[in-house]
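Have a look at run.cif; it's mmCIF, C-alpha atoms:
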```
data_entry
loop_
_atom_site.group_PDB
_atom_site.id
_atom_site.type_symbol
_atom_site.label_atom_id
_atom_site.label_comp_id
_atom_site.auth_asym_id
_atom_site.auth_seq_id
_atom_site.Cartn_x
_atom_site.Cartn_y
_atom_site.Cartn_z
ATOM 1 C CA MET A 1 30.918 5.416 -22.405
ATOM 2 C CA ASN A 2 29.006 4.198 -25.452
ATOM 3 C CA GLU A 3 32.212 4.270 -27.485
ATOM 4 C CA ILE A 4 33.973 2.120 -24.845
ATOM 5 C CA VAL A 5 31.121 -0.375 -24.863
ATOM 6 C CA SER A 6 31.196 -0.494 -28.657
ATOM 7 C CA TYR A 7 34.939 -1.153 -28.635
ATOM 8 C CA PHE A 8 34.789 -4.045 -26.188
ATOM 9 C CA ASP A 9 31.719 -5.444 -27.922
ATOM 10 C CA THR A 10 33.761 -5.959 -31.081
ATOM 11 C CA ILE A 11 37.341 -6.080 -29.741
ATOM 12 C CA PRO A 12 39.511 -8.105 -32.142
ATOM 13 C CA SER A 13 41.559 -11.024 -30.809
ATOM 14 C CA SER A 14 44.653 -9.234 -32.110
ATOM 15 C CA HIS A 15 43.938 -6.286 -29.804
ATOM 16 C CA ARG A 16 43.508 -8.575 -26.800
ATOM 17 C CA SER A 17 46.827 -10.253 -27.616
ATOM 18 C CA LEU A 18 48.513 -6.867 -28.069
ATOM 19 C CA ILE A 19 47.266 -5.707 -24.660
ATOM 20 C CA LEU A 20 48.699 -8.847 -23.043
ATOM 21 C CA VAL A 21 52.086 -8.626 -24.771
ATOM 22 C CA GLY A 22 52.251 -4.838 -24.475
ATOM 23 C CA GLY A 23 51.468 -4.934 -20.764
ATOM 24 C CA ILE A 24 54.180 -7.473 -20.009
ATOM 25 C CA THR A 25 56.680 -5.482 -22.084
ATOM 26 C CA ILE A 26 55.896 -2.164 -20.377
ATOM 27 C CA PHE A 27 56.009 -3.557 -16.843
ATOM 28 C CA TRP A 28 59.144 -5.564 -17.711
ATOM 29 C CA LEU A 29 60.907 -2.313 -18.679
ATOM 30 C CA ILE A 30 59.636 -0.463 -15.598
ATOM 31 C CA GLU A 31 60.696 -3.189 -13.180
ATOM 32 C CA ASN A 32 64.155 -3.228 -14.730
ATOM 33 C CA ALA A 33 64.452 0.503 -14.090
ATOM 34 C CA PHE A 34 62.767 0.650 -10.660
ATOM 35 C CA PRO A 35 62.964 -2.839 -9.097
ATOM 36 C CA LEU A 36 61.400 -3.638 -5.746
ATOM 37 C CA PHE A 37 63.906 -6.456 -5.194
ATOM 38 C CA LYS A 38 67.236 -6.900 -6.954
ATOM 39 C CA PHE A 39 67.012 -10.548 -7.941
ATOM 40 C CA THR A 40 70.081 -12.542 -8.926
ATOM 41 C CA TYR A 41 68.453 -14.911 -11.367
ATOM 42 C CA LYS A 42 68.389 -15.815 -15.041
ATOM 43 C CA LYS A 43 65.547 -13.479 -15.984
ATOM 44 C CA TRP A 44 65.002 -14.875 -19.482
ATOM 45 C CA GLN A 45 65.031 -18.498 -18.315
ATOM 46 C CA HIS A 46 62.556 -17.640 -15.560
ATOM 47 C CA ALA A 47 60.408 -15.706 -18.033
ATOM 48 C CA GLY A 48 60.486 -18.630 -20.472
ATOM 49 C CA ILE A 49 58.761 -20.904 -17.946
ATOM 50 C CA ASN A 50 56.164 -18.300 -16.998
ATOM 51 C CA LEU A 51 55.467 -17.274 -20.581
ATOM 52 C CA PHE A 52 54.970 -20.910 -21.590
ATOM 53 C CA LEU A 53 52.375 -21.283 -18.836
ATOM 54 C CA THR A 54 50.848 -17.956 -19.928
ATOM 55 C CA PHE A 55 50.559 -19.334 -23.455
ATOM 56 C CA THR A 56 48.740 -22.440 -22.223
ATOM 57 C CA THR A 57 46.341 -20.174 -20.312
ATOM 58 C CA ILE A 58 45.674 -18.142 -23.471
ATOM 59 C CA LEU A 59 45.187 -21.318 -25.512
ATOM 60 C CA ILE A 60 42.668 -22.729 -23.046
ATOM 61 C CA ASN A 61 40.748 -19.453 -22.735
ATOM 62 C CA PHE A 62 40.585 -18.891 -26.487
ATOM 63 C CA SER A 63 39.569 -22.506 -27.115
ATOM 64 C CA LEU A 64 36.724 -22.266 -24.610
ATOM 65 C CA ALA A 65 35.695 -18.684 -25.414
ATOM 66 C CA PHE A 66 32.612 -19.882 -27.308
ATOM 67 C CA ILE A 67 31.237 -21.175 -23.984
ATOM 68 C CA LEU A 68 31.476 -17.681 -22.497
ATOM 69 C CA LEU A 69 29.794 -16.222 -25.584
ATOM 70 C CA LYS A 70 26.918 -18.714 -25.484
ATOM 71 C CA THR A 71 26.527 -18.239 -21.732
ATOM 72 C CA SER A 72 26.442 -14.459 -22.004
ATOM 73 C CA ASP A 73 23.953 -14.574 -24.871
ATOM 74 C CA TRP A 74 21.724 -16.928 -22.853
ATOM 75 C CA THR A 75 21.629 -14.611 -19.826
ATOM 76 C CA ILE A 76 20.641 -11.645 -21.997
ATOM 77 C CA ALA A 77 18.026 -13.605 -23.963
ATOM 78 C CA ASN A 78 16.474 -15.002 -20.771
ATOM 79 C CA ASN A 79 16.816 -11.830 -18.694
ATOM 80 C CA PHE A 80 18.842 -13.775 -16.117
ATOM 81 C CA GLY A 81 21.435 -12.460 -13.667
ATOM 82 C CA VAL A 82 21.923 -9.584 -11.246
ATOM 83 C CA LEU A 83 22.488 -6.922 -13.904
ATOM 84 C CA GLN A 84 19.349 -7.976 -15.751
ATOM 85 C CA TRP A 85 17.267 -7.557 -12.598
ATOM 86 C CA LEU A 86 18.517 -4.088 -11.686
ATOM 87 C CA PRO A 87 16.510 -0.956 -12.498
ATOM 88 C CA LEU A 88 17.642 1.419 -15.234
ATOM 89 C CA MET A 89 20.841 3.267 -14.328
ATOM 90 C CA PRO A 90 23.723 5.137 -16.002
ATOM 91 C CA LEU A 91 25.813 2.854 -18.185
ATOM 92 C CA TRP A 92 28.994 3.603 -16.223
ATOM 93 C CA LEU A 93 27.374 2.487 -12.969
ATOM 94 C CA TYR A 94 26.070 -0.634 -14.658
ATOM 95 C CA ALA A 95 29.644 -1.403 -15.777
ATOM 96 C CA VAL A 96 31.173 -0.762 -12.337
ATOM 97 C CA ILE A 97 28.671 -3.068 -10.604
ATOM 98 C CA GLY A 98 29.259 -5.741 -13.225
ATOM 99 C CA LEU A 99 33.050 -5.505 -12.930
ATOM 100 C CA LEU A 100 32.874 -5.698 -9.140
ATOM 101 C CA LEU A 101 30.730 -8.835 -9.242
ATOM 102 C CA LEU A 102 32.748 -10.534 -11.979
ATOM 103 C CA ASP A 103 35.902 -9.828 -9.968
ATOM 104 C CA LEU A 104 34.263 -11.266 -6.843
ATOM 105 C CA ILE A 105 33.264 -14.568 -8.474
ATOM 106 C CA GLY A 106 35.825 -14.961 -11.247
ATOM 107 C CA ALA A 107 38.867 -13.917 -9.204
ATOM 108 C CA TYR A 108 38.426 -13.529 -5.447
ATOM 109 C CA LEU A 109 36.076 -16.480 -4.843
ATOM 110 C CA VAL A 110 37.919 -18.998 -7.012
ATOM 111 C CA HIS A 111 41.246 -17.907 -5.514
ATOM 112 C CA LEU A 112 39.936 -18.364 -1.982
ATOM 113 C CA ILE A 113 38.502 -21.794 -2.806
ATOM 114 C CA GLU A 114 41.754 -22.896 -4.452
ATOM 115 C CA HIS A 115 43.516 -22.259 -1.162
ATOM 116 C CA LYS A 116 40.911 -24.091 0.912
ATOM 117 C CA VAL A 117 40.172 -27.188 -1.201
ATOM 118 C CA LYS A 118 43.115 -29.619 -1.224
ATOM 119 C CA PHE A 119 42.528 -30.946 -4.735
ATOM 120 C CA LEU A 120 42.384 -27.439 -6.237
ATOM 121 C CA TRP A 121 45.383 -26.324 -4.180
ATOM 122 C CA ARG A 122 47.461 -28.980 -5.964
ATOM 123 C CA PHE A 123 47.100 -26.974 -9.186
ATOM 124 C CA HIS A 124 47.232 -23.459 -7.752
ATOM 125 C CA LEU A 125 50.382 -24.407 -5.837
ATOM 126 C CA ILE A 126 52.404 -23.981 -9.049
ATOM 127 C CA HIS A 127 51.661 -20.243 -9.049
ATOM 128 C CA HIS A 128 53.064 -19.938 -5.534
ATOM 129 C CA THR A 129 56.284 -21.844 -6.233
ATOM 130 C CA ASP A 130 57.748 -18.806 -7.978
ATOM 131 C CA THR A 131 60.574 -17.438 -5.826
ATOM 132 C CA TRP A 132 61.246 -14.516 -8.185
ATOM 133 C CA VAL A 133 57.890 -12.816 -8.578
ATOM 134 C CA ASP A 134 57.857 -10.361 -11.476
ATOM 135 C CA THR A 135 55.393 -9.292 -14.155
ATOM 136 C CA THR A 136 55.737 -12.632 -15.997
ATOM 137 C CA SER A 137 54.532 -14.424 -12.851
ATOM 138 C CA GLY A 138 51.001 -13.102 -13.242
ATOM 139 C CA ASN A 139 49.784 -15.937 -15.444
ATOM 140 C CA ARG A 140 52.053 -18.655 -14.107
ATOM 141 C CA HIS A 141 49.146 -21.090 -13.912
ATOM 142 C CA HIS A 142 49.116 -24.837 -14.394
ATOM 143 C CA PRO A 143 46.828 -25.724 -17.346
ATOM 144 C CA GLY A 144 44.555 -27.469 -14.858
ATOM 145 C CA GLU A 145 44.149 -24.261 -12.897
ATOM 146 C CA SER A 146 43.390 -22.335 -16.082
ATOM 147 C CA VAL A 147 40.423 -24.652 -16.653
ATOM 148 C CA ILE A 148 39.282 -24.228 -13.035
ATOM 149 C CA ARG A 149 39.421 -20.446 -13.307
ATOM 150 C CA PHE A 150 37.552 -20.517 -16.613
ATOM 151 C CA ILE A 151 34.724 -22.464 -14.957
ATOM 152 C CA PHE A 152 34.404 -19.803 -12.261
ATOM 153 C CA THR A 153 34.512 -17.006 -14.842
ATOM 154 C CA THR A 154 31.635 -18.703 -16.647
ATOM 155 C CA LEU A 155 29.778 -19.018 -13.349
ATOM 156 C CA GLY A 156 30.346 -15.307 -12.811
ATOM 157 C CA VAL A 157 28.834 -14.494 -16.207
ATOM 158 C CA VAL A 158 25.718 -16.515 -15.310
ATOM 159 C CA VAL A 159 25.260 -14.975 -11.850
ATOM 160 C CA VAL A 160 25.987 -11.437 -13.024
ATOM 161 C CA GLY A 161 24.073 -11.722 -16.297
ATOM 162 C CA ALA A 162 26.983 -10.028 -18.026
ATOM 163 C CA PRO A 163 26.843 -8.974 -21.677
ATOM 164 C CA MET A 164 29.878 -9.988 -23.699
ATOM 165 C CA TRP A 165 31.278 -6.462 -23.922
ATOM 166 C CA LEU A 166 31.468 -6.382 -20.130
ATOM 167 C CA VAL A 167 33.153 -9.798 -20.047
ATOM 168 C CA PHE A 168 35.827 -8.608 -22.483
ATOM 169 C CA MET A 169 36.281 -5.388 -20.478
ATOM 170 C CA TYR A 170 36.666 -7.396 -17.269
ATOM 171 C CA GLN A 171 39.197 -9.780 -18.820
ATOM 172 C CA THR A 172 41.235 -6.878 -20.228
ATOM 173 C CA ILE A 173 41.373 -5.025 -16.902
ATOM 174 C CA SER A 174 42.106 -8.313 -15.134
ATOM 175 C CA VAL A 175 45.123 -9.029 -17.340
ATOM 176 C CA ILE A 176 46.581 -5.543 -16.831
ATOM 177 C CA SER A 177 45.923 -5.694 -13.085
ATOM 178 C CA THR A 178 47.642 -9.078 -12.814
ATOM 179 C CA GLN A 179 50.722 -7.812 -14.625
ATOM 180 C CA PHE A 180 50.793 -4.664 -12.468
ATOM 181 C CA THR A 181 50.405 -6.395 -9.095
ATOM 182 C CA HIS A 182 53.050 -9.038 -9.849
ATOM 183 C CA ALA A 183 55.558 -6.639 -11.400
ATOM 184 C CA ASN A 184 58.786 -6.278 -9.434
ATOM 185 C CA ILE A 185 58.289 -2.525 -9.088
ATOM 186 C CA ALA A 186 58.794 -0.157 -6.176
ATOM 187 C CA LEU A 187 56.000 2.373 -5.697
ATOM 188 C CA PRO A 188 56.241 5.022 -2.969
ATOM 189 C CA LYS A 189 54.705 3.487 0.147
ATOM 190 C CA LYS A 190 52.100 6.218 0.605
ATOM 191 C CA LEU A 191 50.960 5.822 -3.007
ATOM 192 C CA ASP A 192 50.792 2.032 -2.718
ATOM 193 C CA ASP A 193 48.853 2.270 0.560
ATOM 194 C CA PHE A 194 46.437 4.763 -0.989
ATOM 195 C CA LEU A 195 45.829 2.574 -4.042
ATOM 196 C CA SER A 196 45.223 -0.469 -1.839
ATOM 197 C CA TYR A 197 42.020 1.092 -0.508
ATOM 198 C CA PHE A 198 40.513 0.877 -3.992
ATOM 199 C CA ILE A 199 42.430 -1.614 -6.116
ATOM 200 C CA VAL A 200 44.905 -4.390 -5.443
ATOM 201 C CA SER A 201 48.306 -2.692 -5.296
ATOM 202 C CA PRO A 202 51.709 -4.327 -5.934
ATOM 203 C CA ASP A 203 52.740 -4.344 -2.260
ATOM 204 C CA MET A 204 49.345 -5.691 -1.212
ATOM 205 C CA HIS A 205 49.571 -8.639 -3.562
ATOM 206 C CA LYS A 206 53.214 -9.367 -2.796
ATOM 207 C CA VAL A 207 52.133 -10.232 0.770
ATOM 208 C CA HIS A 208 50.074 -13.083 -0.702
ATOM 209 C CA HIS A 209 53.264 -14.516 -2.217
ATOM 210 C CA HIS A 210 55.094 -14.742 1.122
ATOM 211 C CA TYR A 211 56.128 -18.354 1.542
ATOM 212 C CA THR A 212 54.348 -19.189 4.813
ATOM 213 C CA LEU A 213 50.980 -18.849 6.495
ATOM 214 C CA PRO A 214 49.042 -16.826 7.459
ATOM 215 C CA TYR A 215 50.182 -14.477 4.701
ATOM 216 C CA THR A 216 49.759 -17.031 1.909
ATOM 217 C CA ASP A 217 46.072 -17.170 2.825
ATOM 218 C CA SER A 218 45.432 -13.446 2.491
ATOM 219 C CA ASN A 219 44.913 -10.751 -0.145
ATOM 220 C CA TYR A 220 43.109 -12.946 -2.691
ATOM 221 C CA GLY A 221 41.821 -10.047 -4.777
ATOM 222 C CA ASN A 222 42.777 -9.388 -8.374
ATOM 223 C CA ILE A 223 41.345 -6.018 -9.415
ATOM 224 C CA PHE A 224 39.433 -4.571 -6.466
ATOM 225 C CA SER A 225 40.713 -4.664 -2.894
ATOM 226 C CA ILE A 226 37.234 -4.237 -1.434
ATOM 227 C CA TRP A 227 36.565 -7.977 -1.221
ATOM 228 C CA ASP A 228 39.592 -8.701 0.968
ATOM 229 C CA ARG A 229 38.616 -5.854 3.262
ATOM 230 C CA ILE A 230 34.954 -6.879 3.470
ATOM 231 C CA PHE A 231 35.647 -10.575 4.083
ATOM 232 C CA GLY A 232 38.553 -10.048 6.489
ATOM 233 C CA THR A 233 41.296 -11.544 4.324
ATOM 234 C CA PHE A 234 43.352 -8.364 4.012
ATOM 235 C CA MET A 235 46.827 -8.455 5.556
ATOM 236 C CA SER A 236 49.952 -6.314 5.364
ATOM 237 C CA LEU A 237 53.620 -7.157 5.742
ATOM 238 C CA SER A 238 56.730 -5.037 5.435
ATOM 239 C CA LYS A 239 58.575 -5.485 2.124
ATOM 240 C CA ASP A 240 61.815 -6.419 3.862
ATOM 241 C CA LYS A 241 60.115 -9.372 5.569
ATOM 242 C CA ILE A 242 58.673 -10.941 2.405
ATOM 243 C CA THR A 243 60.191 -14.154 1.087
ATOM 244 C CA TYR A 244 58.658 -15.427 -2.145
ATOM 245 C CA GLY A 245 57.734 -19.041 -2.812
ATOM 246 C CA ILE A 246 55.956 -21.811 -0.947
ATOM 247 C CA ASP A 247 57.593 -23.574 1.982
ATOM 248 C CA THR A 248 57.396 -27.074 0.470
ATOM 249 C CA TYR A 249 59.058 -26.201 -2.845
ATOM 250 C CA MET A 250 61.881 -23.782 -2.127
ATOM 251 C CA LYS A 251 64.613 -25.592 -4.090
ATOM 252 C CA PRO A 252 65.362 -24.152 -7.582
ATOM 253 C CA GLU A 253 65.407 -27.617 -9.167
ATOM 254 C CA GLU A 254 61.808 -28.036 -8.008
ATOM 255 C CA ASN A 255 60.318 -24.592 -8.593
ATOM 256 C CA ASN A 256 62.280 -23.523 -11.666
ATOM 257 C CA GLN A 257 61.955 -26.589 -13.896
ATOM 258 C CA LEU A 258 58.918 -26.691 -16.194
ATOM 259 C CA LYS A 259 58.587 -30.481 -16.316
ATOM 260 C CA ASN A 260 58.549 -30.715 -12.550
ATOM 261 C CA LEU A 261 56.004 -27.897 -12.221
ATOM 262 C CA LEU A 262 53.592 -29.642 -14.580
ATOM 263 C CA LYS A 263 53.877 -32.875 -12.580
ATOM 264 C CA ILE A 264 53.453 -31.416 -9.075
ATOM 265 C CA PRO A 265 49.618 -31.685 -8.932
ATOM 266 C CA PHE A 266 49.843 -35.418 -9.609
ATOM 267 C CA LYS A 267 52.558 -36.192 -7.065
ATOM 268 C CA GLU A 268 52.119 -37.081 -3.430
ATOM 269 C CA GLN A 269 51.571 -33.809 -1.633
ATOM 270 C CA ARG A 270 54.079 -32.740 0.992
ATOM 271 C CA SER A 271 53.011 -32.028 4.527
ATOM 272 C CA THR A 272 52.489 -28.311 5.060
ATOM 273 C CA GLU A 273 50.081 -25.969 6.777
ATOM 274 C CA ASN A 274 48.929 -24.881 3.309
ATOM 275 C CA ASN A 275 47.830 -28.363 2.326
#
```
Translate the structure of the given file into structure tokens.
Amino acid sequence: MNEIVSYFDTIPSSHRSLILVGGITIFWLIENAFPLFKFTYKKWQHAGINLFLTFTTILINFSLAFILLKTSDWTIANNFGVLQWLPLMPLWLYAVIGLLLLDLIGAYLVHLIEHKVKFLWRFHLIHHTDTWVDTTSGNRHHPGESVIRFIFTTLGVVVVGAPMWLVFMYQTISVISTQFTHANIALPKKLDDFLSYFIVSPDMHKVHHHYTLPYTDSNYGNIFSIWDRIFGTFMSLSKDKITYGIDTYMKPEENNQLKNLLKIPFKEQRSTENN
């Protein structure tokens, strides 16, 4: 465990980039071989839009990373945050508790709030417009949403009192989990159901991408499925009943054009139960 901590404490930016690119590549190959849905779409054109938005997310996170570093250092120096107030325990348990709490605040909570607050929904809406969910869809976030999520990640670091190695570990697992849950892959149902009791599984998250309520407002988790189960936001839906997208933007010229996607948060919002 000490070796893992040491690695994430000094993880180079090149390694973080390699994990991101490598993950997308691996899941891209797997979903081509074992697809959940056989889409008839221009995969590279679709990927181009999502990868551009992924790049803006990376740019924002790297540009603001010094804020996370300063925040983490402050919590340690001032003995502030949940982890700093806990009694001595094995390092692995310390890490698990920290990851659970960072996932709660930096992923589940912000995701829930984005669905409930109209102004934030304007930005998160872009993620839901994707009608061909695959591994590239994981970081299909409007730049505005990337900033919103960064704020909540920083809040999580403060509340948790997370050292920087734990923050980097959380972000790494989060990226891989996002790519896994969005990948257009078909796992055996029993395996997917089993995984969903512990982590967010592909089928579990695909329900969240169904185009209408109440399914859109369910399964907010990113890494751990425990939060959806505890807070009553877990739902299931048969694969054959899932239709991707959001009911107000189902036309390809609206959900598959980058310029339009970037403008959506600033346009008059369409009447929908999600809004």
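Minimum atom-to-atom distances from A:Ile105, A:Ala183, A:Leu20, A:Ile223 to Thr57 in chain A were compared using all atoms listed in the file, and the lowest value belongs to A:Leu20.
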Near Arg140 in chain A, counting all atoms listed in the file, which residues have an atom at most 9 Å away, once you skip same-chain residues fewer than 3 positions from it, shown as a list in words?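 Listed by chain and then number, they are Ile49, Asn50, Leu51, Phe52, Leu53, Thr54, Thr57, Ile126, His127, His128, Asp130, Thr136 and Ser137 of chain A.
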Please list as a compact mmCIF listing (two decimals) with C-alpha atoms, in the coordinates of the input every residue within 8 Å of range 194-210 of chain A, counting all atoms listed in the file and excluding residues in the same chain fewer than 4 positions away.
```txt
# COMPACT_ATOMS: atom_id res chain seq x y z
CA HIS A 128 53.06 -19.94 -5.53
CA SER A 177 45.92 -5.69 -13.08
CA PHE A 180 50.79 -4.66 -12.47
CA THR A 181 50.40 -6.40 -9.10
CA HIS A 182 53.05 -9.04 -9.85
CA ALA A 183 55.56 -6.64 -11.40
CA ILE A 185 58.29 -2.52 -9.09
CA LEU A 187 56.00 2.37 -5.70
CA LYS A 190 52.10 6.22 0.60
CA TYR A 215 50.18 -14.48 4.70
CA THR A 216 49.76 -17.03 1.91
CA ASP A 217 46.07 -17.17 2.82
CA SER A 218 45.43 -13.45 2.49
CA ASN A 219 44.91 -10.75 -0.14
CA TYR A 220 43.11 -12.95 -2.69
CA GLY A 221 41.82 -10.05 -4.78
CA ASN A 222 42.78 -9.39 -8.37
CA ILE A 223 41.34 -6.02 -9.41
CA PHE A 224 39.43 -4.57 -6.47
CA SER A 225 40.71 -4.66 -2.89
CA ILE A 226 37.23 -4.24 -1.43
CA MET A 235 46.83 -8.46 5.56
CA SER A 236 49.95 -6.31 5.36
CA LEU A 237 53.62 -7.16 5.74
CA LYS A 239 58.58 -5.48 2.12
CA ILE A 242 58.67 -10.94 2.40
CA THR A 243 60.19 -14.15 1.09
CA TYR A 244 58.66 -15.43 -2.14
CA GLY A 245 57.73 -19.04 -2.81
CA ILE A 246 55.96 -21.81 -0.95
```
Select all residues near (68.2, -13.1, -10.1) (cut-off 12 Å, inclusive, file coordinates), counting all atoms listed in the file, and output them as a PyMOL selection string. chain A and resi 32+35+37-47+131-134+184+252
Excluding range 72-74 of chain A and any residue of its chain fewer than 2 positions from it, enumerate the residues within 9 Å of it, using only C-alpha atoms, and give them as a ChimeraX atom specification. /A:67-70,76-80,154,157-158,161-164,167
Nearest to Leu100 in chain A by atom-to-atom distance, counting all atoms listed in the file, from A:Thr56, A:Phe34, A:Ser146, A:Leu83: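 Nearest candidate to Leu100 in chain A out of A:Thr56, A:Phe34, A:Ser146, A:Leu83: A:Leu83.
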Need the shell around range 113-118 of chain A: protein/DNA/RNA residues with any atom at most 10 Å away, counting only C-alpha atoms. Skip same-chain ones fewer than 3 positions apart. Format as a PyMOL selection string? chain A and resi 108-110+121-125+145+148-149+216-218+220+269+274-275
Would you kindly translate the PyMOL selection byres ((chain A and resi 17) around 12) into the concrete residues it picks from this file, as a list in words?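 Taken on the displayed file, the PyMOL selection byres ((chain A and resi 17) around 12) yields the residues Ile11, Pro12, Ser13, Ser14, His15, Arg16, Leu18, Ile19, Leu20, Val21, Gly22, Gly23, Ile24, Thr54, Phe55, Ile58, Leu59, Phe62, Gln171, Thr172, Val175 and Ile176 of chain A.
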Which protein, DNA or RNA residues are at most 12 Å from (32.0, 8.6, -21.8) in the file's coordinates when you count all atoms listed in the file, listed as number ranges by chain? A: 1-6, 90-93, 95
Hits from the PyMOL selection byres ((chain A and resi 263) around 12), listed as a VMD selection string: chain A and resid 122 to 123 125 to 126 142 to 144 254 to 255 257 to 262 264 to 269
Record the distance separating CA of Ile60 in chain A and CA of Thr75 in chain A, expressed in Å with one decimal. 22.8 Å
